[in-house]
file my_file.cif (mmCIF, C-alpha atoms)
data_run
loop_
_atom_site.label_atom_id
_atom_site.label_comp_id
_atom_site.auth_asym_id
_atom_site.auth_seq_id
_atom_site.Cartn_x
_atom_site.Cartn_y
_atom_site.Cartn_z
CA MET A 1 40.43 -5.13 4.21
CA ALA A 2 37.15 -4.76 6.10
CA LYS A 3 37.08 -2.07 8.77
CA HIS A 4 34.98 -4.23 11.13
CA GLN A 5 34.81 -7.98 11.64
CA THR A 6 31.21 -9.13 11.02
CA PRO A 7 30.91 -12.89 11.71
CA LEU A 8 27.19 -12.68 12.51
CA LEU A 9 26.33 -10.63 9.43
CA ASP A 10 28.48 -12.90 7.28
CA GLN A 11 26.04 -15.73 7.98
CA LEU A 12 23.39 -13.78 6.07
CA GLU A 13 25.45 -14.23 2.90
CA THR A 14 25.48 -18.02 3.10
CA GLY A 15 21.91 -18.75 1.95
CA PRO A 16 20.63 -19.21 -1.62
CA TRP A 17 19.23 -15.68 -1.91
CA PRO A 18 20.95 -12.32 -2.57
CA SER A 19 21.97 -10.62 0.66
CA PHE A 20 21.81 -6.95 1.65
CA VAL A 21 25.06 -7.57 3.55
CA SER A 22 26.84 -8.33 0.27
CA ASP A 23 25.38 -5.16 -1.24
CA ILE A 24 26.66 -3.00 1.62
CA LYS A 25 30.12 -4.61 1.41
CA GLN A 26 30.20 -3.97 -2.32
CA GLU A 27 29.33 -0.30 -1.80
CA ALA A 28 31.94 -0.01 0.96
CA ALA A 29 34.63 -1.35 -1.39
CA HIS A 30 33.47 0.94 -4.20
CA ARG A 31 33.62 4.05 -2.02
CA ALA A 32 37.04 3.09 -0.70
CA ALA A 33 38.35 2.70 -4.27
CA ASN A 34 36.49 5.82 -5.50
CA PRO A 35 37.06 5.04 -9.21
CA ASP A 36 35.14 8.17 -10.30
CA GLY A 37 37.23 10.50 -8.14
CA LEU A 38 34.21 11.94 -6.31
CA ASP A 39 34.63 14.51 -3.55
CA TYR A 40 32.35 12.63 -1.15
CA GLN A 41 30.27 14.97 1.02
CA THR A 42 29.54 12.26 3.61
CA PRO A 43 32.07 10.01 5.38
CA VAL A 44 33.72 7.64 2.91
CA ASP A 45 33.47 4.80 5.40
CA CYS A 46 29.76 5.13 6.23
CA PRO A 47 28.88 1.73 4.61
CA ASP A 48 31.73 0.14 6.61
CA ASP A 49 30.46 1.66 9.85
CA LEU A 50 26.90 0.65 8.95
CA LEU A 51 28.07 -2.97 8.88
CA GLY A 52 29.82 -2.43 12.19
CA VAL A 53 26.79 -1.02 13.99
CA LEU A 54 24.55 -3.76 12.58
CA GLU A 55 26.99 -6.41 13.81
CA LEU A 56 26.97 -4.81 17.27
CA SER A 57 23.16 -4.78 17.27
CA PHE A 58 23.10 -8.49 16.44
CA LYS A 59 25.61 -9.17 19.20
CA ASP A 60 23.85 -7.06 21.85
CA LYS A 61 20.35 -8.02 20.66
CA GLU A 62 19.27 -4.41 20.76
CA THR A 63 19.29 -1.52 18.34
CA HIS A 64 22.02 1.10 18.41
CA TRP A 65 19.99 3.65 16.46
CA LYS A 66 18.25 6.49 18.19
CA HIS A 67 15.83 9.14 16.99
CA GLY A 68 17.55 12.37 17.87
CA GLY A 69 14.78 14.82 17.05
CA ILE A 70 13.31 16.36 13.94
CA VAL A 71 15.49 17.08 10.94
CA GLY A 72 14.29 18.12 7.51
CA VAL A 73 14.33 20.76 4.82
CA PHE A 74 13.04 24.30 5.13
CA GLY A 75 9.25 24.57 4.71
CA TYR A 76 8.60 20.81 4.87
CA GLY A 77 7.54 18.83 7.91
CA GLY A 78 8.18 15.43 6.35
CA GLY A 79 10.28 13.57 3.83
CA VAL A 80 13.34 13.07 6.04
CA ILE A 81 13.62 10.53 8.86
CA GLY A 82 16.26 11.57 11.33
CA ARG A 83 18.54 8.80 12.53
CA TYR A 84 21.59 8.90 14.77
CA CYS A 85 23.86 6.19 16.14
CA ASP A 86 24.18 5.90 19.93
CA GLN A 87 27.85 4.88 19.53
CA PRO A 88 29.23 7.80 17.43
CA GLU A 89 32.78 7.42 18.73
CA MET A 90 32.89 3.77 17.70
CA PHE A 91 31.11 4.34 14.36
CA PRO A 92 31.73 7.97 13.28
CA GLY A 93 30.72 7.24 9.67
CA VAL A 94 27.09 6.75 10.76
CA ALA A 95 26.93 9.25 13.63
CA HIS A 96 24.28 10.88 11.38
CA PHE A 97 22.52 8.45 9.05
CA HIS A 98 19.31 10.18 7.98
CA THR A 99 16.90 8.63 5.48
CA VAL A 100 15.50 10.73 2.63
CA ARG A 101 12.26 9.73 0.93
CA LEU A 102 11.62 10.78 -2.67
CA ALA A 103 8.19 10.60 -4.28
CA GLN A 104 8.08 7.80 -6.83
CA PRO A 105 6.31 8.30 -10.16
CA SER A 106 2.90 6.70 -10.71
CA GLY A 107 3.31 3.04 -11.59
CA LYS A 108 7.01 3.30 -10.66
CA TYR A 109 8.10 3.82 -14.26
CA TYR A 110 11.66 5.09 -14.63
CA THR A 111 14.15 5.83 -17.37
CA ALA A 112 17.75 4.71 -16.99
CA ASP A 113 18.87 8.34 -17.23
CA TYR A 114 16.60 9.31 -14.34
CA LEU A 115 17.93 6.54 -12.09
CA ARG A 116 21.51 7.45 -12.96
CA GLY A 117 20.77 11.08 -12.08
CA ILE A 118 19.37 10.13 -8.68
CA MET A 119 22.35 7.89 -7.98
CA ASP A 120 24.85 10.58 -9.03
CA ILE A 121 23.34 12.85 -6.37
CA TRP A 122 23.24 10.12 -3.76
CA ASP A 123 26.76 8.82 -4.41
CA LEU A 124 28.07 12.33 -3.83
CA ARG A 125 25.87 13.45 -0.93
CA GLY A 126 24.79 10.20 0.72
CA SER A 127 25.91 6.66 1.42
CA GLY A 128 25.15 5.32 -2.07
CA LEU A 129 22.69 2.85 -0.49
CA THR A 130 19.01 2.80 -1.48
CA ASN A 131 15.82 0.84 -0.91
CA MET A 132 13.68 0.47 -4.04
CA HIS A 133 10.89 0.50 -2.80
CA GLY A 134 9.92 0.69 0.84
CA SER A 135 6.52 -0.61 1.93
CA THR A 136 5.25 2.97 1.90
CA GLY A 137 6.42 3.35 -1.69
CA ASP A 138 9.01 6.05 -2.25
CA ILE A 139 12.58 5.96 -3.45
CA VAL A 140 14.29 5.50 -0.10
CA LEU A 141 17.80 6.96 0.14
CA LEU A 142 19.54 5.47 3.16
CA GLY A 143 22.06 7.48 5.10
CA THR A 144 23.25 11.07 4.91
CA THR A 145 24.28 13.85 7.26
CA THR A 146 22.32 16.91 8.38
CA PRO A 147 24.35 19.50 6.35
CA GLN A 148 23.57 17.60 3.12
CA LEU A 149 19.76 17.65 3.43
CA GLU A 150 19.18 21.05 1.83
CA GLU A 151 21.75 20.26 -0.87
CA ILE A 152 20.00 16.99 -1.73
CA PHE A 153 16.60 18.71 -1.74
CA PHE A 154 17.84 21.40 -4.15
CA ASP A 155 19.44 18.85 -6.48
CA VAL A 156 16.48 16.46 -6.72
CA THR A 157 13.92 19.24 -7.17
CA HIS A 158 15.90 21.39 -9.60
CA LYS A 159 17.81 18.74 -11.54
CA MET A 160 15.47 15.74 -11.38
CA ASN A 161 12.07 17.47 -11.08
CA THR A 162 11.34 15.20 -8.10
CA ASP A 163 9.75 16.08 -4.77
CA LEU A 164 10.25 14.57 -1.33
CA GLY A 165 7.89 11.86 -0.16
CA GLY A 166 5.87 11.76 3.04
CA SER A 167 6.84 10.91 6.60
CA GLY A 168 5.38 11.67 10.00
CA GLY A 169 1.76 12.50 10.76
CA ASN A 170 0.81 13.40 7.21
CA LEU A 171 -0.36 11.97 3.92
CA ARG A 172 2.24 9.44 2.86
CA THR A 173 3.34 9.22 -0.76
CA PRO A 174 0.42 7.67 -2.72
CA ALA A 175 1.26 4.41 -4.49
CA ASP A 176 -0.44 2.54 -7.32
CA CYS A 177 -0.14 -0.50 -9.55
CA LEU A 178 0.71 -0.33 -13.26
CA GLY A 179 -3.01 -0.12 -14.03
CA GLN A 180 -4.24 0.29 -17.58
CA SER A 181 -0.76 1.08 -18.87
CA ARG A 182 0.02 -2.65 -18.92
CA CYS A 183 -2.71 -4.73 -17.25
CA GLU A 184 -5.86 -6.01 -18.96
CA PHE A 185 -7.52 -6.52 -15.56
CA ALA A 186 -7.30 -2.85 -14.51
CA CYS A 187 -10.76 -1.34 -13.99
CA TYR A 188 -9.67 2.30 -13.89
CA ASP A 189 -6.64 4.49 -14.60
CA THR A 190 -4.69 4.03 -11.38
CA GLN A 191 -1.79 6.15 -12.55
CA ASP A 192 -3.86 9.20 -13.37
CA LEU A 193 -5.84 9.05 -10.12
CA CYS A 194 -2.65 8.54 -8.07
CA HIS A 195 -0.83 11.39 -9.86
CA THR A 196 -3.81 13.75 -9.55
CA LEU A 197 -4.34 13.19 -5.83
CA THR A 198 -0.59 13.42 -5.17
CA ASN A 199 -0.55 16.87 -6.77
CA ASP A 200 -3.84 18.05 -5.25
CA TYR A 201 -2.87 17.13 -1.70
CA GLN A 202 0.69 18.47 -1.55
CA ASP A 203 0.02 20.44 1.63
CA GLU A 204 -1.26 17.32 3.39
CA LEU A 205 1.80 15.43 2.17
CA HIS A 206 4.48 17.91 3.26
CA ARG A 207 3.02 19.70 6.28
CA PRO A 208 1.92 17.24 8.98
CA ALA A 209 -1.54 18.05 10.37
CA PHE A 210 -3.00 14.58 11.02
CA PRO A 211 -3.11 12.56 14.25
CA TYR A 212 -0.84 10.03 12.51
CA LYS A 213 0.11 8.75 9.05
CA PHE A 214 -2.47 8.35 6.27
CA LYS A 215 -1.83 6.23 3.19
CA PHE A 216 -3.53 6.09 -0.20
CA LYS A 217 -2.97 3.01 -2.33
CA PHE A 218 -4.59 2.33 -5.69
CA ASP A 219 -5.19 -1.23 -6.91
CA GLY A 220 -6.52 -1.50 -10.44
CA CYS A 221 -8.39 -4.74 -9.74
CA PRO A 222 -9.10 -7.12 -6.83
CA ASN A 223 -5.78 -8.92 -7.40
CA GLY A 224 -4.34 -6.11 -5.28
CA CYS A 225 -0.79 -5.83 -6.60
CA VAL A 226 0.00 -3.00 -4.16
CA ALA A 227 -1.93 -4.77 -1.36
CA SER A 228 -4.03 -1.69 -0.61
CA ILE A 229 -6.60 -3.68 1.40
CA ALA A 230 -3.92 -4.59 3.95
CA ARG A 231 -1.49 -1.66 3.81
CA SER A 232 -3.39 1.59 3.33
CA ASP A 233 -5.77 3.72 5.32
CA PHE A 234 -7.67 4.58 2.13
CA SER A 235 -7.82 1.65 -0.29
CA VAL A 236 -9.10 2.21 -3.83
CA ILE A 237 -9.69 -1.17 -5.50
CA GLY A 238 -10.92 -1.55 -9.07
CA THR A 239 -14.05 -3.62 -9.61
CA TRP A 240 -16.96 -4.01 -12.00
CA LYS A 241 -20.73 -3.81 -11.69
CA ASP A 242 -21.97 -6.09 -14.48
CA ASP A 243 -21.34 -9.76 -15.23
CA ILE A 244 -18.04 -11.50 -15.85
CA ARG A 245 -17.61 -12.05 -19.59
CA ILE A 246 -17.21 -15.68 -20.70
CA ASP A 247 -16.00 -16.92 -24.08
CA GLN A 248 -17.32 -20.50 -24.11
CA ASP A 249 -15.22 -21.53 -27.12
CA ARG A 250 -12.06 -20.52 -25.28
CA VAL A 251 -13.26 -22.30 -22.15
CA LYS A 252 -13.37 -25.47 -24.24
CA ALA A 253 -9.91 -24.66 -25.57
CA TYR A 254 -8.55 -24.49 -22.00
CA VAL A 255 -10.21 -27.83 -21.19
CA ALA A 256 -8.70 -29.35 -24.36
CA GLY A 257 -5.25 -28.07 -23.42
CA GLU A 258 -4.95 -25.56 -26.26
CA PHE A 259 -4.33 -22.71 -23.78
CA LYS A 260 -2.06 -22.97 -20.76
CA PRO A 261 -3.81 -22.07 -17.47
CA GLY A 262 -2.56 -18.94 -15.74
CA GLY A 263 -0.99 -17.71 -18.95
CA GLY A 264 1.69 -20.38 -18.56
CA SER A 265 2.87 -18.96 -15.25
CA HIS A 266 3.10 -22.45 -13.68
CA SER A 267 4.59 -24.27 -16.65
CA GLY A 268 7.89 -24.98 -14.93
CA ARG A 269 6.78 -28.52 -14.12
CA ASP A 270 4.22 -31.00 -15.40
CA TRP A 271 1.01 -30.57 -13.40
CA GLY A 272 -0.96 -32.97 -15.57
CA LYS A 273 -4.02 -32.24 -17.67
CA PHE A 274 -5.95 -29.07 -16.79
CA ASP A 275 -9.06 -29.93 -14.75
CA ILE A 276 -11.49 -27.00 -14.89
CA VAL A 277 -13.71 -28.39 -12.12
CA LYS A 278 -10.89 -29.07 -9.69
CA GLU A 279 -8.78 -26.00 -10.53
CA VAL A 280 -11.48 -23.38 -11.12
CA VAL A 281 -15.04 -24.36 -10.18
CA ASP A 282 -14.25 -26.05 -6.86
CA ARG A 283 -11.92 -23.21 -5.86
CA CYS A 284 -14.61 -20.54 -6.14
CA PRO A 285 -14.98 -19.22 -2.56
CA THR A 286 -18.76 -18.73 -2.85
CA GLY A 287 -19.46 -21.80 -5.00
CA CYS A 288 -21.09 -19.62 -7.64
CA MET A 289 -19.58 -21.48 -10.62
CA SER A 290 -20.54 -24.69 -12.41
CA TYR A 291 -19.38 -26.59 -15.48
CA ASP A 292 -21.59 -29.19 -17.18
CA GLY A 293 -18.95 -30.53 -19.52
CA ALA A 294 -19.72 -28.06 -22.26
CA LYS A 295 -20.61 -24.71 -20.66
CA LEU A 296 -19.15 -22.68 -17.81
CA SER A 297 -21.81 -20.83 -15.77
CA ILE A 298 -21.39 -18.11 -13.12
CA ASP A 299 -24.03 -16.90 -10.68
CA ASN A 300 -22.78 -13.32 -10.80
CA ALA A 301 -25.03 -12.18 -7.94
CA ASN A 302 -22.91 -14.29 -5.60
CA CYS A 303 -19.52 -13.51 -7.16
CA THR A 304 -17.13 -11.75 -4.78
CA ARG A 305 -14.65 -10.74 -7.53
CA CYS A 306 -11.86 -12.91 -6.12
CA MET A 307 -10.26 -13.02 -9.62
CA HIS A 308 -9.25 -16.70 -9.40
CA CYS A 309 -11.21 -17.82 -12.46
CA ILE A 310 -9.99 -14.80 -14.45
CA ASN A 311 -6.36 -15.34 -13.41
CA THR A 312 -6.55 -19.05 -14.31
CA MET A 313 -8.29 -18.63 -17.68
CA PRO A 314 -7.56 -15.03 -18.78
CA ALA A 315 -8.26 -15.73 -22.45
CA ALA A 316 -11.73 -17.11 -21.69
CA VAL A 317 -12.97 -15.22 -18.62
CA LYS A 318 -12.71 -11.44 -18.39
CA ILE A 319 -13.77 -8.61 -16.09
CA GLY A 320 -17.09 -6.88 -16.81
CA LYS A 321 -17.40 -3.75 -18.93
CA GLU A 322 -19.11 -1.51 -16.34
CA THR A 323 -15.97 -0.78 -14.35
CA GLY A 324 -15.23 1.50 -11.44
CA THR A 325 -13.80 1.15 -7.97
CA SER A 326 -14.62 0.25 -4.41
CA ILE A 327 -13.32 2.43 -1.58
CA LEU A 328 -12.27 0.82 1.69
CA LEU A 329 -10.96 2.40 4.88
CA GLY A 330 -8.84 1.54 7.87
CA ALA A 331 -6.07 -0.97 7.10
CA LYS A 332 -2.99 -0.78 9.30
CA ALA A 333 -0.13 -2.69 10.87
CA PRO A 334 -0.29 -3.90 14.51
CA ILE A 335 0.67 -0.71 16.31
CA LEU A 336 -1.96 0.04 18.99
CA ASP A 337 -4.74 -2.46 18.52
CA GLY A 338 -3.54 -5.23 16.25
CA ALA A 339 -3.42 -5.42 12.46
CA GLN A 340 -6.63 -4.94 10.54
CA MET A 341 -7.76 -4.99 6.94
CA SER A 342 -9.71 -2.21 5.27
CA SER A 343 -13.48 -2.13 5.70
CA LEU A 344 -15.73 -1.47 2.72
CA LEU A 345 -17.05 2.09 2.70
CA VAL A 346 -18.17 2.82 -0.89
CA PRO A 347 -19.16 -0.38 -2.75
CA PHE A 348 -18.95 1.17 -6.21
CA VAL A 349 -18.11 4.53 -7.73
CA VAL A 350 -17.31 5.38 -11.34
CA VAL A 351 -13.80 6.83 -11.62
CA GLU A 352 -14.00 9.96 -13.74
CA LYS A 353 -12.03 13.21 -13.81
CA PRO A 354 -11.85 15.47 -11.86
CA TYR A 355 -12.50 12.73 -9.25
CA ASP A 356 -14.75 14.97 -7.14
CA GLU A 357 -16.76 12.08 -5.66
CA ILE A 358 -13.60 10.42 -4.36
CA LYS A 359 -12.16 13.71 -3.06
CA GLU A 360 -15.38 14.45 -1.17
CA VAL A 361 -15.12 11.13 0.68
CA ILE A 362 -11.44 11.75 1.48
CA GLU A 363 -11.96 15.25 2.82
CA ASN A 364 -14.98 14.31 4.94
CA ILE A 365 -12.90 11.55 6.53
CA TRP A 366 -10.00 13.91 7.20
CA ASP A 367 -12.24 16.56 8.79
CA TRP A 368 -13.70 13.97 11.17
CA TRP A 369 -10.42 12.20 11.94
CA MET A 370 -8.48 15.40 12.66
CA GLU A 371 -11.23 16.45 15.06
CA GLU A 372 -11.77 13.11 16.81
CA GLY A 373 -8.55 11.13 16.37
CA LYS A 374 -6.11 10.72 19.23
CA ASN A 375 -2.38 11.31 18.88
CA ARG A 376 -0.74 8.49 16.88
CA GLU A 377 -4.12 6.89 16.20
CA ARG A 378 -4.65 5.63 12.67
CA VAL A 379 -8.01 6.35 11.08
CA GLY A 380 -8.87 2.63 11.29
CA GLU A 381 -8.45 2.79 15.05
CA THR A 382 -10.61 5.92 15.28
CA MET A 383 -13.22 4.15 13.16
CA LYS A 384 -13.12 1.11 15.43
CA ARG A 385 -13.31 3.23 18.59
CA LEU A 386 -16.14 5.54 17.50
CA SER A 387 -17.99 3.02 15.28
CA PHE A 388 -18.34 2.45 11.57
CA GLN A 389 -21.82 3.91 11.82
CA LYS A 390 -20.33 7.26 12.85
CA LEU A 391 -18.02 7.07 9.83
CA LEU A 392 -21.04 6.62 7.57
CA GLU A 393 -22.65 9.69 9.09
CA VAL A 394 -19.66 11.96 8.56
CA THR A 395 -19.17 10.76 4.97
CA ASN A 396 -22.89 11.07 4.13
CA ILE A 397 -23.09 7.44 3.05
CA LYS A 398 -26.23 5.41 3.73
CA ALA A 399 -25.90 2.03 5.41
CA MET A 400 -26.28 -0.92 3.06
CA PRO A 401 -25.87 -4.70 3.27
CA GLN A 402 -22.27 -4.57 1.96
CA HIS A 403 -21.29 -2.69 5.13
CA VAL A 404 -22.19 -5.58 7.44
CA LYS A 405 -18.98 -7.00 8.86
CA GLU A 406 -20.24 -10.34 10.19
CA PRO A 407 -23.91 -11.18 9.46
CA ARG A 408 -25.94 -12.25 12.53
CA SER A 409 -22.84 -12.06 14.73
CA ASN A 410 -21.24 -8.64 14.77
CA PRO A 411 -22.84 -6.20 12.32
CA TYR A 412 -21.24 -2.79 12.05
CA ILE A 413 -24.56 -1.06 11.42
CA PHE A 414 -27.07 -0.18 14.12
CA PHE A 415 -30.16 1.79 13.16
CA LYS A 416 -31.34 4.85 15.04
CA GLU A 417 -34.88 4.93 16.35
CA GLU A 418 -35.97 7.66 13.93
CA GLU A 419 -34.76 5.52 11.02
CA VAL A 420 -37.06 2.61 11.94
CA PRO A 421 -40.73 2.90 10.85
CA GLY A 422 -42.74 3.22 14.07
CA GLY A 423 -39.60 3.53 16.18
CA PHE A 424 -38.22 0.84 18.50
CA ALA A 425 -41.43 0.50 20.54
CA HIS A 426 -43.83 -2.19 19.38
CA ASP A 427 -46.91 -4.01 20.52
CA GLU A 428 -45.70 -7.38 21.76
CA LYS A 429 -49.07 -9.08 21.35
CA ALA A 430 -49.50 -7.77 17.81
CA TYR A 431 -45.92 -8.82 16.97
CA ARG A 432 -46.50 -12.36 18.20
CA GLN A 433 -49.82 -12.48 16.35
CA ARG A 434 -47.98 -11.69 13.10
CA HIS A 435 -45.20 -14.19 13.78
CA MET A 436 -47.04 -17.18 15.18
CA ARG A 437 -45.39 -20.52 14.44
#
call {"tool": "encode", "arguments": {"input": "my_file.cif", "output": "structure tokens"}}
result
Amino acid sequence: MAKHQTPLLDQLETGPWPSFVSDIKQEAAHRAANPDGLDYQTPVDCPDDLLGVLELSFKDKETHWKHGGIVGVFGYGGGVIGRYCDQPEMFPGVAHFHTVRLAQPSGKYYTADYLRGIMDIWDLRGSGLTNMHGSTGDIVLLGTTTPQLEEIFFDVTHKMNTDLGGSGGNLRTPADCLGQSRCEFACYDTQDLCHTLTNDYQDELHRPAFPYKFKFKFDGCPNGCVASIARSDFSVIGTWKDDIRIDQDRVKAYVAGEFKPGGGSHSGRDWGKFDIVKEVVDRCPTGCMSYDGAKLSIDNANCTRCMHCINTMPAAVKIGKETGTSILLGAKAPILDGAQMSSLLVPFVVVEKPYDEIKEVIENIWDWWMEEGKNRERVGETMKRLSFQKLLEVTNIKAMPQHVKEPRSNPYIFFKEEEVPGGFAHDEKAYRQRHMR
């Protein structure tokens, strides 16, 4: 029998989709039955009390969680998010309900044995509830008590060879897409770059020194499967420098219906005959494509790498061979000054070990941001406050047309007088003489 009546939460189980409420109830029943005979190190009824406090929050229309100060493991300033309930007498099972973040492997590849090992630790020392994966990345272990933190840390590091993830004003756990391990669109090895930078910047990950959080995310191509352009302070997005490759015979095969568009991903219903003009050419955001009935043409100088044509006809249209990455800066959620997407900083850089060019950009940004950033100010907000031009100066990057945010309306770049031949002063009469209508 349920410990708490949850009529409001029960409504979340009535829709067509799986419900987290059902998952918590299932875990509550499992812990109560304890079929494995575990000597639980956290309250047996913590999932039950989690349901109870959530129901109360829905009823009162306010949260009943409070942040009760900093908790963590010795030597680390991040990785654990302290959480306490403000009604401990009513819900003793979640009086402490700390979250532990574990660093996920590059590409989020796991073996079944590894996942079982993590869950054996968490069933014993936590609530048994997880989030795979949070928006930051990480294996998120939901709910444990303060005395168990060091025990969990010892077990995951010594038994599972796994470190804690990031939390607080530090580098958050870097995240990447599957990259070249599985995807033909990947323009660089996302997994190796992510793994290398995770190891190289362990101090920045575990010992908070930044004004606020800083996130790396690595997208292998402009499809953005980890959404780095919207969700990371430092976005690394694969791209190419040369022309899109076109196999004209396979283009004709798509038109003739021999290949299914999108790799058959929309074959669940009959969409009619594939229309290359309507479904590819007319959907090009810059209008740089044309089809004359026999040949597909692309004005590559005006291509913005949106990937639509490649996604629709992957057997006929492929990324270029001169691949690398673009680096963008400043995406964030709407905390202080509204949500914003990353701004292009480095249009193209070849990704080669030991990744010194990328590290130089990162470390120049950090030096500037730690000096100039305000408390709880993301680097995108510092960039917006002090200007993109200042960012270019501190990263030793020259202004170029790709940096212009809104042509003729709101350019990011303003030239200094010494950068303009002859300075800002000019002879008005001579100017008008040269520009007479």
call {"tool": "resolve_selection", "arguments": {"input": "my_file.cif", "expression": "the PyMOL selection byres ((chain A and resi 310) around 12)", "output": "compact mmCIF listing (two decimals) with C-alpha atoms, in the coordinates of the input"}}
result
# COMPACT_ATOMS: atom_id res chain seq x y z
CA GLU A 184 -5.86 -6.01 -18.96
CA PHE A 185 -7.52 -6.52 -15.56
CA CYS A 221 -8.39 -4.74 -9.74
CA PRO A 222 -9.10 -7.12 -6.83
CA ASN A 223 -5.78 -8.92 -7.40
CA ILE A 244 -18.04 -11.50 -15.85
CA ARG A 245 -17.61 -12.05 -19.59
CA ILE A 246 -17.21 -15.68 -20.70
CA ASP A 247 -16.00 -16.92 -24.08
CA VAL A 251 -13.26 -22.30 -22.15
CA PRO A 261 -3.81 -22.07 -17.47
CA GLY A 262 -2.56 -18.94 -15.74
CA GLY A 263 -0.99 -17.71 -18.95
CA GLU A 279 -8.78 -26.00 -10.53
CA VAL A 280 -11.48 -23.38 -11.12
CA VAL A 281 -15.04 -24.36 -10.18
CA CYS A 284 -14.61 -20.54 -6.14
CA ILE A 298 -21.39 -18.11 -13.12
CA ARG A 305 -14.65 -10.74 -7.53
CA CYS A 306 -11.86 -12.91 -6.12
CA MET A 307 -10.26 -13.02 -9.62
CA HIS A 308 -9.25 -16.70 -9.40
CA CYS A 309 -11.21 -17.82 -12.46
CA ASN A 311 -6.36 -15.34 -13.41
CA THR A 312 -6.55 -19.05 -14.31
CA MET A 313 -8.29 -18.63 -17.68
CA PRO A 314 -7.56 -15.03 -18.78
CA ALA A 315 -8.26 -15.73 -22.45
CA ALA A 316 -11.73 -17.11 -21.69
CA VAL A 317 -12.97 -15.22 -18.62
CA LYS A 318 -12.71 -11.44 -18.39
CA ILE A 319 -13.77 -8.61 -16.09
CA GLY A 320 -17.09 -6.88 -16.81
call {"tool": "closest_residue", "arguments": {"input": "my_file.cif", "among": "A:Pro88, A:Pro347, A:Gly179, A:Gly338", "to": "Lys398 of chain A", "atoms": "only C-alpha atoms"}}
result
A:Pro347
call {"tool": "atom_distance", "arguments": {"input": "my_file.cif", "atom1": "atom CA of Met132 of chain A", "atom2": "atom CA of Gln104 of chain A"}}
result
9.6 Å
call {"tool": "residues_near_point", "arguments": {"input": "my_file.cif", "point": "(32.5, 3.5, 13.1)", "cutoff": "8 Å", "atoms": "only C-alpha atoms", "output": "PDB file with C-alpha atoms, keeping the file's coordinate frame"}}
result
ATOM      1  CA  ASP A  45      33.470   4.800   5.400  1.00  0.00           C
ATOM      2  CA  CYS A  46      29.760   5.130   6.230  1.00  0.00           C
ATOM      3  CA  ASP A  48      31.730   0.140   6.610  1.00  0.00           C
ATOM      4  CA  ASP A  49      30.460   1.660   9.850  1.00  0.00           C
ATOM      5  CA  LEU A  50      26.900   0.650   8.950  1.00  0.00           C
ATOM      6  CA  GLY A  52      29.820  -2.430  12.190  1.00  0.00           C
ATOM      7  CA  VAL A  53      26.790  -1.020  13.990  1.00  0.00           C
ATOM      8  CA  PRO A  88      29.230   7.800  17.430  1.00  0.00           C
ATOM      9  CA  GLU A  89      32.780   7.420  18.730  1.00  0.00           C
ATOM     10  CA  MET A  90      32.890   3.770  17.700  1.00  0.00           C
ATOM     11  CA  PHE A  91      31.110   4.340  14.360  1.00  0.00           C
ATOM     12  CA  PRO A  92      31.730   7.970  13.280  1.00  0.00           C
ATOM     13  CA  GLY A  93      30.720   7.240   9.670  1.00  0.00           C
ATOM     14  CA  VAL A  94      27.090   6.750  10.760  1.00  0.00           C
TER      15      VAL A  94
END
call {"tool": "resolve_selection", "arguments": {"input": "my_file.cif", "expression": "the PyMOL selection byres ((chain A and resi 393) around 12)", "output": "list in words"}}
result
Leu345, Val361, Asn364, Ile365, Trp368, Met383, Leu386, Ser387, Phe388, Gln389, Lys390, Leu391, Leu392, Val394, Thr395, Asn396, Ile397, Lys398, Ala399, Ile413, Phe414, Phe415 and Lys416 of chain A
call {"tool": "residues_near_point", "arguments": {"input": "my_file.cif", "point": "(-10.0, 13.3, -7.6)", "cutoff": "7 Å", "atoms": "all atoms listed in the file", "output": "PyMOL selection string"}}
result
chain A and resi 193+196-197+353-356+358-359
call {"tool": "resolve_selection", "arguments": {"input": "my_file.cif", "expression": "the PyMOL selection byres ((chain A and resi 95-99) around 6)", "output": "JSON, numbers by chain"}}
result
{"A": [80, 81, 82, 83, 84, 85, 88, 92, 93, 94, 100, 141, 142, 143, 144, 145]}
call {"tool": "residues_around", "arguments": {"input": "my_file.cif", "residues": "Pro334 of chain A", "least_positions_apart": "4", "cutoff": "12 Å", "atoms": "only C-alpha atoms", "output": "PDB file with C-alpha atoms, in the coordinates of the input"}}
result
ATOM      1  CA  ALA A 230      -3.920  -4.590   3.950  1.00  0.00           C
ATOM      2  CA  ARG A 231      -1.490  -1.660   3.810  1.00  0.00           C
ATOM      3  CA  GLY A 338      -3.540  -5.230  16.250  1.00  0.00           C
ATOM      4  CA  ALA A 339      -3.420  -5.420  12.460  1.00  0.00           C
ATOM      5  CA  GLN A 340      -6.630  -4.940  10.540  1.00  0.00           C
ATOM      6  CA  MET A 341      -7.760  -4.990   6.940  1.00  0.00           C
ATOM      7  CA  GLU A 377      -4.120   6.890  16.200  1.00  0.00           C
ATOM      8  CA  ARG A 378      -4.650   5.630  12.670  1.00  0.00           C
ATOM      9  CA  GLY A 380      -8.870   2.630  11.290  1.00  0.00           C
ATOM     10  CA  GLU A 381      -8.450   2.790  15.050  1.00  0.00           C
TER      11      GLU A 381
END
call {"tool": "axis_aligned_box", "arguments": {"input": "my_file.cif", "around": "segment 317-321 of chain A", "padding_each_side": "4 Å", "output": "JSON"}}
result
{"center_x": -15.1, "center_y": -9.5, "center_z": -17.5, "size_x": 12.7, "size_y": 19.5, "size_z": 10.8}
call {"tool": "atom_distance", "arguments": {"input": "my_file.cif", "atom1": "atom CA of Gly126 of chain A", "atom2": "atom CA of Gln41 of chain A"}}
result
7.3 Å
